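One file, protein03.cif, carrying mmCIF, C-alpha atoms and all ligand atoms:
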data_model
#
loop_
_atom_site.label_atom_id
_atom_site.label_comp_id
_atom_site.auth_asym_id
_atom_site.auth_seq_id
_atom_site.Cartn_x
_atom_site.Cartn_y
_atom_site.Cartn_z
CA MET A 1 0.00 0.00 0.00
CA PRO A 2 1.51 3.40 -0.92
CA ALA A 3 2.64 5.31 2.18
CA ASN A 4 0.29 8.26 1.64
CA GLU A 5 -2.83 6.11 1.63
CA PRO A 6 -4.80 5.87 4.86
CA GLN A 7 -5.23 2.46 6.43
CA LEU A 8 -8.79 1.45 5.55
CA ARG A 9 -10.15 -0.52 8.50
CA ILE A 10 -13.84 -0.54 7.75
CA PRO A 11 -15.81 -3.76 7.25
CA GLY A 12 -15.73 -3.41 3.47
CA PRO A 13 -14.77 -2.27 0.98
CA THR A 14 -11.43 -3.72 2.05
CA PRO A 15 -7.95 -2.70 0.84
CA LEU A 16 -6.73 -4.13 -2.44
CA PRO A 17 -3.30 -5.82 -2.64
CA ASP A 18 -1.20 -4.42 -5.49
CA ALA A 19 -1.59 -7.46 -7.74
CA ILE A 20 -5.35 -7.12 -7.48
CA ARG A 21 -5.24 -3.42 -8.28
CA ASP A 22 -3.18 -4.18 -11.35
CA ALA A 23 -5.61 -6.85 -12.52
CA GLY A 24 -8.35 -4.22 -12.56
CA SER A 25 -6.60 -2.24 -15.27
CA ARG A 26 -6.41 -5.05 -17.84
CA GLN A 27 -7.80 -4.60 -21.34
CA MET A 28 -11.35 -5.83 -21.88
CA VAL A 29 -12.16 -9.19 -23.47
CA ASN A 30 -15.23 -10.36 -25.34
CA HIS A 31 -17.65 -11.54 -22.69
CA ARG A 32 -19.03 -14.03 -25.24
CA GLY A 33 -15.57 -15.31 -26.17
CA PRO A 34 -13.08 -17.98 -25.08
CA GLU A 35 -11.00 -15.81 -22.68
CA PHE A 36 -14.07 -14.95 -20.65
CA LYS A 37 -15.28 -18.55 -20.67
CA ALA A 38 -11.97 -19.74 -19.22
CA LEU A 39 -12.01 -16.90 -16.68
CA ILE A 40 -15.50 -17.48 -15.29
CA GLU A 41 -15.07 -21.24 -15.23
CA ARG A 42 -11.84 -20.90 -13.24
CA VAL A 43 -13.41 -18.41 -10.81
CA VAL A 44 -16.44 -20.62 -10.21
CA VAL A 45 -14.22 -23.61 -9.40
CA GLY A 46 -12.30 -21.49 -6.87
CA LEU A 47 -15.50 -20.15 -5.35
CA LYS A 48 -16.93 -23.64 -4.94
CA ARG A 49 -13.85 -24.59 -2.95
CA ALA A 50 -14.22 -21.48 -0.81
CA PHE A 51 -17.96 -22.05 -0.25
CA ARG A 52 -17.20 -25.74 0.48
CA THR A 53 -19.94 -26.79 -1.91
CA GLU A 54 -20.82 -28.91 -4.90
CA ASN A 55 -23.85 -26.69 -5.47
CA ASP A 56 -24.01 -24.22 -8.34
CA VAL A 57 -22.28 -20.92 -7.62
CA LEU A 58 -23.47 -17.97 -9.68
CA ILE A 59 -21.86 -14.56 -10.03
CA LEU A 60 -24.13 -11.53 -10.25
CA GLY A 61 -23.15 -8.00 -11.17
CA CYS A 62 -24.35 -6.14 -8.08
CA SER A 63 -23.48 -5.51 -4.45
CA GLY A 64 -24.29 -7.96 -1.66
CA THR A 65 -27.82 -6.62 -1.28
CA GLY A 66 -28.56 -7.67 -4.87
CA GLY A 67 -27.45 -11.18 -3.93
CA LEU A 68 -29.86 -11.17 -0.97
CA GLU A 69 -32.64 -9.97 -3.26
CA ALA A 70 -31.82 -12.81 -5.68
CA ALA A 71 -32.00 -15.29 -2.78
CA VAL A 72 -35.51 -14.08 -1.98
CA VAL A 73 -37.11 -13.57 -5.38
CA ASN A 74 -35.92 -16.80 -6.98
CA HIS A 75 -37.24 -19.13 -4.31
CA LEU A 76 -40.39 -17.61 -2.83
CA SER A 77 -43.87 -16.57 -3.83
CA PRO A 78 -45.94 -13.67 -2.48
CA GLY A 79 -47.76 -14.83 0.63
CA ASP A 80 -45.18 -17.48 1.60
CA ALA A 81 -44.48 -17.68 5.31
CA VAL A 82 -40.87 -16.74 6.06
CA LEU A 83 -38.95 -16.56 9.32
CA GLY A 84 -36.50 -13.65 9.35
CA VAL A 85 -33.95 -14.22 12.11
CA SER A 86 -32.22 -10.92 12.80
CA ILE A 87 -29.48 -9.74 15.12
CA GLY A 88 -28.88 -6.33 13.55
CA SER A 89 -29.18 -4.01 10.64
CA PHE A 90 -28.40 -6.54 7.89
CA GLY A 91 -30.74 -9.19 9.28
CA ASP A 92 -33.45 -6.52 9.28
CA ARG A 93 -32.62 -5.67 5.67
CA PHE A 94 -32.88 -9.31 4.53
CA ALA A 95 -36.32 -9.59 6.16
CA ARG A 96 -37.37 -6.26 4.60
CA ILE A 97 -36.49 -7.48 1.12
CA ALA A 98 -38.72 -10.54 1.62
CA SER A 99 -41.58 -8.36 2.94
CA ARG A 100 -41.22 -5.92 0.07
CA TYR A 101 -41.79 -8.76 -2.42
CA GLY A 102 -44.89 -9.88 -0.56
CA ALA A 103 -43.65 -12.68 1.72
CA ASP A 104 -45.47 -13.06 5.03
CA VAL A 105 -42.46 -12.48 7.29
CA THR A 106 -42.29 -13.33 10.98
CA LYS A 107 -39.32 -11.60 12.61
CA LEU A 108 -37.27 -13.17 15.38
CA ASP A 109 -35.03 -10.45 16.75
CA ALA A 110 -32.19 -10.74 19.21
CA GLU A 111 -30.86 -7.78 21.14
CA TRP A 112 -28.12 -6.06 19.10
CA GLY A 113 -24.75 -7.35 20.22
CA ARG A 114 -26.03 -10.88 20.83
CA ALA A 115 -26.15 -13.97 18.62
CA SER A 116 -29.27 -15.84 17.51
CA ASP A 117 -30.25 -18.69 19.81
CA PRO A 118 -30.81 -22.02 18.00
CA ALA A 119 -33.37 -23.20 20.59
CA GLU A 120 -35.40 -20.01 20.09
CA VAL A 121 -35.30 -20.45 16.33
CA GLU A 122 -36.55 -24.01 16.71
CA ARG A 123 -39.36 -22.88 19.04
CA GLU A 124 -40.39 -20.11 16.64
CA ILE A 125 -40.59 -22.55 13.72
CA GLU A 126 -42.70 -24.93 15.85
CA ALA A 127 -45.00 -22.01 16.72
CA MET A 128 -45.35 -21.09 13.04
CA LYS A 129 -46.18 -24.72 12.21
CA ALA A 130 -48.74 -24.88 15.00
CA ALA A 131 -50.35 -21.72 13.61
CA GLY A 132 -50.64 -23.39 10.18
CA ARG A 133 -47.88 -21.23 8.66
CA PRO A 134 -44.79 -23.46 8.39
CA PRO A 135 -41.97 -21.32 7.04
CA LYS A 136 -41.10 -21.85 3.41
CA ALA A 137 -37.72 -20.24 4.17
CA VAL A 138 -35.65 -19.16 7.14
CA LEU A 139 -33.36 -16.15 6.67
CA LEU A 140 -30.13 -16.34 8.66
CA THR A 141 -27.16 -14.02 9.00
CA PHE A 142 -23.70 -15.54 9.22
CA ASN A 143 -21.78 -12.46 10.30
CA GLU A 144 -23.72 -9.36 11.39
CA THR A 145 -21.51 -6.47 10.41
CA SER A 146 -23.53 -3.81 12.21
CA THR A 147 -22.84 -5.37 15.62
CA GLY A 148 -19.70 -7.49 15.13
CA ILE A 149 -21.30 -10.87 15.85
CA THR A 150 -20.73 -14.17 14.07
CA ASN A 151 -23.76 -16.38 14.56
CA PRO A 152 -23.39 -20.08 15.41
CA LEU A 153 -24.57 -20.87 11.89
CA ARG A 154 -24.00 -24.61 12.01
CA GLU A 155 -26.17 -24.92 15.15
CA LEU A 156 -28.81 -22.56 13.76
CA ALA A 157 -29.06 -24.53 10.53
CA ALA A 158 -29.29 -27.79 12.48
CA ALA A 159 -32.11 -26.32 14.59
CA VAL A 160 -33.98 -25.29 11.44
CA ARG A 161 -33.59 -28.77 9.96
CA ARG A 162 -34.86 -30.45 13.16
CA ALA A 163 -38.02 -28.34 13.16
CA ALA A 164 -38.60 -28.13 9.41
CA PRO A 165 -36.47 -30.51 7.34
CA ASP A 166 -37.55 -29.16 3.94
CA THR A 167 -37.47 -25.45 4.71
CA LEU A 168 -35.09 -23.38 2.65
CA ILE A 169 -32.16 -21.96 4.60
CA LEU A 170 -31.11 -18.68 2.99
CA VAL A 171 -27.90 -17.22 4.40
CA ASP A 172 -26.46 -13.71 4.31
CA ALA A 173 -22.75 -14.57 4.46
CA VAL A 174 -21.74 -11.26 2.84
CA SER A 175 -19.18 -10.24 5.46
CA GLY A 176 -18.05 -13.63 6.78
CA LEU A 177 -17.56 -16.16 4.01
CA GLY A 178 -13.96 -16.23 2.82
CA ALA A 179 -12.64 -15.18 6.25
CA VAL A 180 -14.45 -17.40 8.73
CA ALA A 181 -15.01 -21.14 8.18
CA LEU A 182 -18.39 -21.90 6.65
CA GLU A 183 -19.49 -25.30 5.29
CA THR A 184 -22.26 -24.85 2.74
CA ASP A 185 -22.82 -28.55 2.05
CA ALA A 186 -22.00 -30.06 5.44
CA TRP A 187 -24.37 -27.58 7.13
CA ASP A 188 -27.03 -28.09 4.43
CA LEU A 189 -27.38 -24.40 3.52
CA ASP A 190 -29.59 -23.82 0.49
CA VAL A 191 -28.58 -20.37 -0.66
CA VAL A 192 -25.43 -18.61 0.53
CA VAL A 193 -24.62 -15.05 -0.51
CA THR A 194 -21.35 -13.14 -0.32
CA GLY A 195 -20.02 -9.88 -1.76
CA SER A 196 -16.77 -9.15 -3.55
CA GLN A 197 -15.72 -6.11 -1.48
CA LYS A 198 -15.45 -8.02 1.81
CA SER A 199 -13.16 -11.00 2.49
CA TRP A 200 -12.31 -11.42 -1.18
CA MET A 201 -9.96 -8.41 -1.39
CA VAL A 202 -11.55 -7.09 -4.59
CA PRO A 203 -13.67 -3.98 -5.27
CA PRO A 204 -17.45 -3.85 -4.89
CA GLY A 205 -19.42 -5.12 -7.88
CA LEU A 206 -20.07 -8.83 -7.53
CA ALA A 207 -22.42 -10.91 -5.44
CA MET A 208 -21.61 -14.62 -5.40
CA VAL A 209 -24.52 -16.95 -4.66
CA SER A 210 -24.63 -20.72 -4.14
CA VAL A 211 -27.87 -22.58 -4.87
CA SER A 212 -28.74 -26.10 -3.65
CA LYS A 213 -30.88 -28.70 -5.43
CA ARG A 214 -33.64 -28.03 -2.91
CA ALA A 215 -33.50 -24.32 -3.78
CA TRP A 216 -33.59 -25.01 -7.55
CA ALA A 217 -36.69 -27.16 -7.05
CA ALA A 218 -38.31 -24.28 -5.13
CA ALA A 219 -37.30 -21.86 -7.89
CA GLU A 220 -39.45 -23.76 -10.37
CA GLN A 221 -42.55 -22.98 -8.29
CA ALA A 222 -41.54 -19.52 -7.04
CA GLU A 223 -43.66 -16.66 -8.35
CA MET A 224 -41.95 -13.52 -7.13
CA PRO A 225 -41.02 -11.28 -10.08
CA ARG A 226 -37.42 -11.39 -11.28
CA PHE A 227 -35.51 -10.52 -14.39
CA TYR A 228 -31.95 -9.22 -13.84
CA PHE A 229 -31.58 -11.54 -10.85
CA ASP A 230 -33.14 -14.61 -12.49
CA LEU A 231 -30.76 -17.30 -11.26
CA ALA A 232 -32.03 -19.91 -13.73
CA ALA A 233 -30.93 -17.60 -16.56
CA HIS A 234 -27.52 -17.28 -14.90
CA ARG A 235 -27.22 -21.05 -14.65
CA THR A 236 -28.16 -21.55 -18.31
CA PHE A 237 -25.58 -19.01 -19.47
CA LEU A 238 -22.90 -20.33 -17.12
CA GLU A 239 -23.18 -23.70 -18.85
CA LYS A 240 -21.65 -22.02 -21.91
CA GLY A 241 -19.21 -19.90 -19.89
CA GLU A 242 -21.19 -16.69 -20.02
CA THR A 243 -23.51 -14.51 -17.96
CA PRO A 244 -26.93 -13.41 -19.24
CA TRP A 245 -26.03 -9.70 -19.04
CA THR A 246 -22.71 -7.92 -19.56
CA PRO A 247 -20.56 -9.00 -16.60
CA MET A 248 -18.27 -6.86 -14.39
CA ILE A 249 -15.25 -8.08 -16.33
CA SER A 250 -12.63 -6.05 -14.44
CA VAL A 251 -13.83 -7.21 -11.04
CA LEU A 252 -13.79 -10.79 -12.33
CA PHE A 253 -10.18 -10.39 -13.45
CA GLN A 254 -9.47 -9.21 -9.92
CA LEU A 255 -11.39 -12.01 -8.25
CA ASP A 256 -9.45 -14.52 -10.34
CA VAL A 257 -6.15 -13.13 -9.03
CA ALA A 258 -7.54 -12.90 -5.48
CA LEU A 259 -8.65 -16.55 -5.45
CA GLY A 260 -5.16 -17.56 -6.56
CA MET A 261 -3.64 -15.58 -3.69
CA LEU A 262 -6.11 -16.96 -1.17
CA GLU A 263 -5.53 -20.54 -2.25
CA ARG A 264 -1.77 -20.10 -2.07
CA GLU A 265 -2.14 -18.87 1.50
CA GLY A 266 -4.56 -21.76 2.23
CA TRP A 267 -8.05 -21.56 3.74
CA GLU A 268 -7.00 -22.83 7.17
CA ALA A 269 -4.23 -20.21 7.37
CA ILE A 270 -6.70 -17.54 6.28
CA TYR A 271 -9.16 -18.48 9.02
CA GLN A 272 -6.36 -18.46 11.59
CA ARG A 273 -5.13 -15.07 10.38
CA HIS A 274 -8.63 -13.64 10.82
CA ILE A 275 -8.99 -15.16 14.28
CA ALA A 276 -5.61 -13.66 15.22
CA CYS A 277 -6.60 -10.23 13.86
CA GLY A 278 -9.96 -10.42 15.67
CA GLU A 279 -8.33 -11.41 18.97
CA ALA A 280 -5.70 -8.70 18.58
CA THR A 281 -8.31 -6.01 17.87
CA ARG A 282 -10.45 -7.02 20.83
CA ALA A 283 -7.51 -7.28 23.21
CA GLY A 284 -6.12 -3.92 22.09
CA LEU A 285 -9.43 -2.05 22.42
CA ASP A 286 -10.07 -3.70 25.76
CA ALA A 287 -6.62 -2.79 27.08
CA MET A 288 -7.14 0.85 26.07
CA GLY A 289 -10.35 0.90 28.06
CA PHE A 290 -12.93 0.73 25.26
CA ARG A 291 -15.94 -1.40 26.20
CA LEU A 292 -16.57 -4.06 23.56
CA PHE A 293 -20.09 -4.10 22.16
CA ALA A 294 -20.54 -7.73 21.17
CA ASP A 295 -21.11 -10.81 23.30
CA ARG A 296 -17.55 -12.09 23.60
CA ARG A 297 -18.55 -15.71 22.90
CA TYR A 298 -19.72 -14.79 19.41
CA ALA A 299 -17.41 -11.86 18.67
CA SER A 300 -16.74 -11.59 14.96
CA ASP A 301 -13.30 -12.16 13.52
CA THR A 302 -14.07 -9.80 10.63
CA CYS A 303 -15.45 -6.75 12.44
CA THR A 304 -15.22 -5.46 16.01
CA ALA A 305 -17.59 -2.93 17.54
CA ALA A 306 -16.84 -0.94 20.69
CA TRP A 307 -18.92 1.59 22.64
CA LEU A 308 -17.89 5.19 22.30
CA PRO A 309 -17.30 6.58 25.78
CA ASP A 310 -20.02 8.96 27.02
CA GLY A 311 -19.75 12.41 25.51
CA VAL A 312 -17.49 11.35 22.64
CA ASP A 313 -18.62 12.70 19.29
CA TRP A 314 -17.90 10.08 16.62
CA SER A 315 -17.55 12.68 13.88
CA VAL A 316 -14.76 14.38 15.86
CA LEU A 317 -12.92 11.15 16.68
CA GLY A 318 -13.38 9.73 13.17
CA LYS A 319 -11.99 12.92 11.63
CA GLU A 320 -9.02 12.96 13.98
CA LEU A 321 -8.19 9.33 13.13
CA ARG A 322 -8.51 10.03 9.43
CA SER A 323 -6.05 12.92 9.71
CA ARG A 324 -3.64 10.42 11.28
CA GLY A 325 -4.08 7.91 8.47
CA LEU A 326 -6.68 5.52 9.86
CA VAL A 327 -10.24 5.13 8.59
CA LEU A 328 -12.67 3.32 10.91
CA ALA A 329 -16.44 2.90 10.61
CA GLY A 330 -19.05 4.39 12.90
CA GLY A 331 -22.25 2.73 14.02
CA GLN A 332 -25.18 1.90 11.75
CA GLY A 333 -28.89 2.44 12.26
CA LYS A 334 -29.76 2.81 15.91
CA MET A 335 -26.09 2.48 16.90
CA ALA A 336 -25.00 5.49 14.81
CA GLY A 337 -22.94 7.80 17.03
CA ARG A 338 -22.82 5.23 19.82
CA ILE A 339 -20.21 2.72 18.65
CA LEU A 340 -17.16 2.58 16.42
CA ARG A 341 -16.34 -0.43 14.27
CA VAL A 342 -13.00 -1.78 13.14
CA GLY A 343 -12.99 -3.92 10.02
CA HIS A 344 -10.40 -6.71 9.97
CA LEU A 345 -11.19 -8.84 6.96
CA GLY A 346 -9.66 -9.52 3.60
CA ALA A 347 -6.09 -8.35 3.06
CA VAL A 348 -5.29 -7.66 6.71
CA THR A 349 -2.33 -8.67 8.84
CA VAL A 350 -1.68 -8.67 12.56
CA ASP A 351 0.98 -6.01 12.09
CA GLU A 352 -1.55 -3.75 10.39
CA ILE A 353 -3.91 -4.21 13.32
CA LEU A 354 -1.13 -3.26 15.74
CA ALA A 355 -0.43 -0.15 13.66
CA ALA A 356 -4.12 0.76 13.61
CA LEU A 357 -4.37 0.38 17.38
CA GLU A 358 -1.43 2.68 17.84
CA ILE A 359 -3.10 5.37 15.73
CA LEU A 360 -6.39 4.86 17.55
CA GLU A 361 -4.64 5.26 20.89
CA ASP A 362 -2.96 8.51 19.85
CA GLY A 363 -6.05 9.87 18.12
CA ALA A 364 -8.38 9.04 21.01
CA ALA A 365 -6.01 10.73 23.46
CA ALA A 366 -5.74 13.75 21.16
CA VAL A 367 -9.52 14.32 21.28
CA GLY A 368 -9.50 14.02 25.05
CA ILE A 369 -10.71 10.47 25.60
CA ASP A 370 -9.46 9.09 28.88
CA ILE A 371 -7.75 5.91 27.68
CA LYS A 372 -4.92 3.79 29.05
CA ARG A 373 -1.74 4.54 27.12
CA GLY A 374 1.07 2.23 26.13
CA VAL A 375 -0.62 -1.13 26.77
CA ALA A 376 -2.84 -1.86 23.78
CA VAL A 377 -0.25 -2.92 21.24
CA ASP A 378 1.40 -5.40 23.59
CA ALA A 379 -1.91 -6.84 24.66
CA ALA A 380 -2.95 -7.19 21.02
CA ALA A 381 0.33 -8.82 19.98
CA ARG A 382 0.05 -11.32 22.82
CA ALA A 383 -3.52 -12.16 21.85
CA ALA A 384 -2.47 -12.78 18.25
CA GLU A 385 0.45 -14.91 19.40
CA ALA A 386 -1.89 -17.04 21.47
CA VAL A 387 -3.72 -17.89 18.24
CA LEU A 388 -0.80 -18.27 15.89
CA GLY A 389 1.59 -19.93 18.34
CA THR A 390 4.53 -17.58 18.45
CA ARG A 391 5.32 -14.16 17.13
CA SER A 392 7.32 -15.78 14.39
CA ARG A 393 4.25 -17.68 13.30
CA ALA A 394 2.29 -14.44 13.23
CA ALA A 395 5.01 -13.03 11.06
CA VAL A 396 4.78 -16.07 8.83
CA ALA A 397 1.08 -15.43 8.30
CA ASP A 398 1.79 -11.78 7.57
CA GLU A 399 4.49 -12.77 5.14
CA ALA A 400 2.24 -15.26 3.40
CA LEU A 401 -0.15 -12.48 2.55
CA ALA A 402 2.63 -10.09 1.57
CA THR A 403 4.35 -12.54 -0.75
CA THR A 404 1.17 -13.51 -2.52
CA ALA A 405 0.42 -9.82 -3.09
C1 LIG B 501 -23.77 -8.80 6.60
C2 LIG B 501 -24.01 -7.92 5.42
N1 LIG B 501 -25.06 -8.16 4.66
C3 LIG B 501 -25.35 -7.42 3.59
C4 LIG B 501 -24.55 -6.36 3.25
C5 LIG B 501 -24.92 -5.52 2.09
O1 LIG B 501 -23.98 -5.60 1.12
P1 LIG B 501 -23.82 -4.41 0.04
O2 LIG B 501 -23.52 -3.17 0.82
O3 LIG B 501 -22.66 -4.95 -0.75
O4 LIG B 501 -25.07 -4.33 -0.72
C6 LIG B 501 -23.42 -6.06 4.02
C7 LIG B 501 -22.55 -4.91 3.69
O5 LIG B 501 -21.90 -4.32 4.54
C8 LIG B 501 -23.15 -6.86 5.13
O6 LIG B 501 -22.09 -6.61 5.89
#

File written out as structure tokens:
Amino acid sequence: MPANEPQLRIPGPTPLPDAIRDAGSRQMVNHRGPEFKALIERVVVGLKRAFRTENDVLILGCSGTGGLEAAVVNHLSPGDAVLGVSIGSFGDRFARIASRYGADVTKLDAEWGRASDPAEVEREIEAMKAAGRPPKAVLLTFNETSTGITNPLRELAAAVRRAAPDTLILVDAVSGLGAVALETDAWDLDVVVTGSQKSWMVPPGLAMVSVSKRAWAAAEQAEMPRFYFDLAAHRTFLEKGETPWTPMISVLFQLDVALGMLEREGWEAIYQRHIACGEATRAGLDAMGFRLFADRRYASDTCTAAWLPDGVDWSVLGKELRSRGLVLAGGQGKMAGRILRVGHLGAVTVDEILAALEILEDGAAAVGIDIKRGVAVDAAARAAEAVLGTRSRAAVADEALATTA
């Protein structure tokens, strides 16, 4: 990253390694020609490995929200009963999309900062069945970016299957997949959605969506309107190495390079690197005296939220940090002005987290926040070491990312 660029530590878009930047400036190819066919086929193979699935994986030209809309409109009909399980702003959005297209949505909300409870989900499905409205689909969030929580997705999916074996499980994995282990097939997830600007280290522009056999069967009956997001059209065109509409060719070039880098690092190493960065961020904030927002047991390894101390104006702190070369995110929705969020997903290393914490410490002190000085970086480094074994192993993980860049 050039020295004059601020460190972007928001939960997406995430910083682009140099090789991925370069890939974005390549000359165009014919999207109905052999170069594009080879490109999309290679990318889909890589994505299937990342999603841990044999299901179809389709690539849409839109942000993550478009992928969520595709998950809804391809598999449901107006009037279908749907259970929208929400733990924050993005869970609310997923449920709102379904309502907007006419689904009969029951919301199951957890307090922001907490994870969804599998037993509660199971009870809610039983209640819907008893009321004669068994859910046609359950909407789940993998990683809730507005609060910094990673849901126990495997347990949630198992709870859904116990209560309603044939229900569709539609998953918003926009900000988790590719950084935190997720098993599409082993957990029997029907539709899983992610977005290019998160863990994948590429710019915004693509939603990647996996679709199970159960979901394809539902699609044949589903009557919600769809055109641009018609997944059956995407599947038909993918069979000949194309997309139905003009694809985001540059972002696909970049995703191709990114998948190569990620596979060279190895998925297990990537998950460990994110756990180490998450632990380091939490330990550093905690040591400075920030109160962490999320239930520690489910704290996200891609995004950490912390309460702003009373009387602290986020716009003042955010501006101060930016002037020092660090960009963090504020709160969303009802948490706007009350929390700050640190993104640590995609091309991120432990050393970058330590550097960010140092800037945060100086910037917070500069705007008059009463924080503990001189302890955060050590605490964070120790927390990362506890994950990666020794400092030298942390360095190895950092190096792996640097050398693939
Ligand atoms: C969990 C989650 N879901 C959905 C979205 C929406 O994605 P997009 O902003 O790409 O439409 C985001 C983006 O931050 C997200 O973090």

At a cut-off of 12 Å, using all atoms listed in the file, what residues contact Ala103 of chain A? Leave out same-chain residues fewer than 2 positions from it and give the result as number ranges by chain.
A: 72-73, 75-84, 94-101, 105-107, 133, 135-139, 222-224

Can you build me a table of chain A residues sitting at most 9 Å from ligand LIG 501 (chain B), with the closest atom pair per residue and its distance in Å to one decimal, using all atoms listed in the file, sorted by chain and residue number, as a tab-separated table?
residue	atom	partner	partner_atom	distance
A:Pro11	CA	B:LIG501	O5	6.7
A:Gly12	CA	B:LIG501	O5	6.3
A:Pro13	CA	B:LIG501	O5	8.2
A:Cys62	CA	B:LIG501	O4	7.6
A:Ser63	CA	B:LIG501	O3	3.8
A:Gly64	CA	B:LIG501	O3	3.5
A:Thr65	CA	B:LIG501	O4	3.6
A:Gly66	CA	B:LIG501	O4	6.4
A:Gly67	CA	B:LIG501	O4	7.9
A:Leu68	CA	B:LIG501	C3	7.4
A:Gly88	CA	B:LIG501	C1	9.0
A:Ser89	CA	B:LIG501	C1	8.3
A:Phe90	CA	B:LIG501	N1	4.9
A:Gly91	CA	B:LIG501	N1	7.4
A:Arg93	CA	B:LIG501	C3	7.8
A:Phe94	CA	B:LIG501	C3	7.8
A:Thr141	CA	B:LIG501	C1	6.7
A:Phe142	CA	B:LIG501	C1	7.2
A:Asn143	CA	B:LIG501	C1	5.6
A:Glu144	CA	B:LIG501	C1	4.8
A:Thr145	CA	B:LIG501	O6	4.6
A:Ser146	CA	B:LIG501	O6	7.1
A:Asp172	CA	B:LIG501	N1	5.7
A:Ala173	CA	B:LIG501	C1	6.2
A:Val174	CA	B:LIG501	C2	4.8
A:Ser175	CA	B:LIG501	O6	4.7
A:Gly176	CA	B:LIG501	C1	7.5
A:Val193	CA	B:LIG501	N1	8.6
A:Thr194	CA	B:LIG501	N1	8.0
A:Gly195	CA	B:LIG501	O3	5.7
A:Ser196	CA	B:LIG501	O3	7.8
A:Gln197	CA	B:LIG501	O3	7.1
A:Lys198	CA	B:LIG501	O6	7.9
A:Pro204	CA	B:LIG501	O3	6.7
A:Gly205	CA	B:LIG501	O3	7.8
A:Leu206	CA	B:LIG501	O3	8.2
A:Ala207	CA	B:LIG501	O3	7.6

Of the candidates A:Gly178, A:Pro118, A:Gly318, A:Gly46, which shows the shortest atom-to-atom distance to Ala158 of chain A, using all atoms listed in the file?
A:Pro118

Got a sec: who's within 8 Å of segment 288-300 of chain A, counting only C-alpha atoms, leaving out chain neighbours fewer than 6 positions off, as a ChimeraX atom specification?
/A:113-115,143,147-152,278,282,306-309,339,361,371-373,375-376

Taking into account all atoms listed in the file, which residue in the set A:Phe253, A:Val43, A:Ala258, A:Glu69 is nearest to Gln27 of chain A?
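Smallest distance to Gln27 of chain A is found for A:Phe253.
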
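Picture a line from atom CA of Val160 of chain A to atom CA of Ala50 of chain A; it runs 23.6 Å.
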
Near Val57 of chain A, counting all atoms listed in the file, which residues have an atom at most 8 Å away, once you skip same-chain residues fewer than 6 positions from it, shown as a short mmCIF file (atom, residue, chain, number, x, y, z; two decimals) with C-alpha atoms, in the frame of the given file?
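Once everything was written out, this is out_14.cif:
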data_model
loop_
_atom_site.label_atom_id
_atom_site.label_comp_id
_atom_site.auth_asym_id
_atom_site.auth_seq_id
_atom_site.Cartn_x
_atom_site.Cartn_y
_atom_site.Cartn_z
CA VAL A 44 -16.44 -20.62 -10.21
CA LEU A 47 -15.50 -20.15 -5.35
CA LYS A 48 -16.93 -23.64 -4.94
CA MET A 208 -21.61 -14.62 -5.40
CA VAL A 209 -24.52 -16.95 -4.66
CA SER A 210 -24.63 -20.72 -4.14
CA VAL A 211 -27.87 -22.58 -4.87
#

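The space separating atom CA of Ile20 of chain A from atom CA of Arg264 of chain A comes to 14.5 Å.
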
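The spacing separating atom CA of Ala181 of chain A from atom CA of Pro247 of chain A amounts to 28.1 Å.
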
Segment 319-321 of chain A surroundings by only C-alpha atoms, 10 Å radius, close-in-sequence under 2 positions cut, as a list in words:
Pro6, Trp314, Ser315, Val316, Leu317, Ser323, Arg324, Gly325, Leu326, Val327, Leu328, Ala356, Ile359, Leu360, Glu361, Asp362, Gly363, Ala364, Ala366 and Val367 of chain A

Min atom-atom distance to Gly61 of chain A from the set A:Thr304, A:Ser86, A:Gln332, A:Thr243, counting only C-alpha atoms, belongs to A:Thr243

Rank A:Gly132, A:Pro165, A:Gly284, A:Pro17 by their smallest atom-to-atom distance to Arg382 of chain A, using all atoms listed in the file, and report the top residue only.
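Using all atoms listed in the file, the shortest distance to Arg382 of chain A belongs to A:Gly284.
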
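Taking all atoms listed in the file into account, Asp313 of chain A lies nearest to A:Ile369 out of the set A:Ile369, A:Met261, A:Ala131, A:Leu108.
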
I'd like the contact shell of Pro15 of chain A - 7 Å cut-off, all atoms listed in the file, skipping same-chain residues fewer than 5 positions apart - returned as a ChimeraX atom specification.
/A:8,201,347

Selected residues written out with C-alpha atoms, as an mmCIF file, keeping the file's coordinate frame:
data_model
loop_
_atom_site.group_PDB
_atom_site.id
_atom_site.type_symbol
_atom_site.label_atom_id
_atom_site.label_comp_id
_atom_site.auth_asym_id
_atom_site.auth_seq_id
_atom_site.Cartn_x
_atom_site.Cartn_y
_atom_site.Cartn_z
ATOM 1 C CA LEU A 8 -8.790 1.450 5.550
ATOM 2 C CA MET A 201 -9.960 -8.410 -1.390
ATOM 3 C CA ALA A 347 -6.090 -8.350 3.060
#

Counting only C-alpha atoms, which of A:Asp301, A:Asp310, A:Glu358, A:Asp18 gets nearest to Gly343 of chain A?
A:Asp301

Edge lengths and centre in Å to one decimal, as JSON, is what I'm after for the box along x, y and z that holds all listed atoms of segment 71-87 of chain A once 3 Å is added on each side.
{"center_x": -38.6, "center_y": -14.4, "center_z": 4.1, "size_x": 24.3, "size_y": 15.4, "size_z": 28.1}
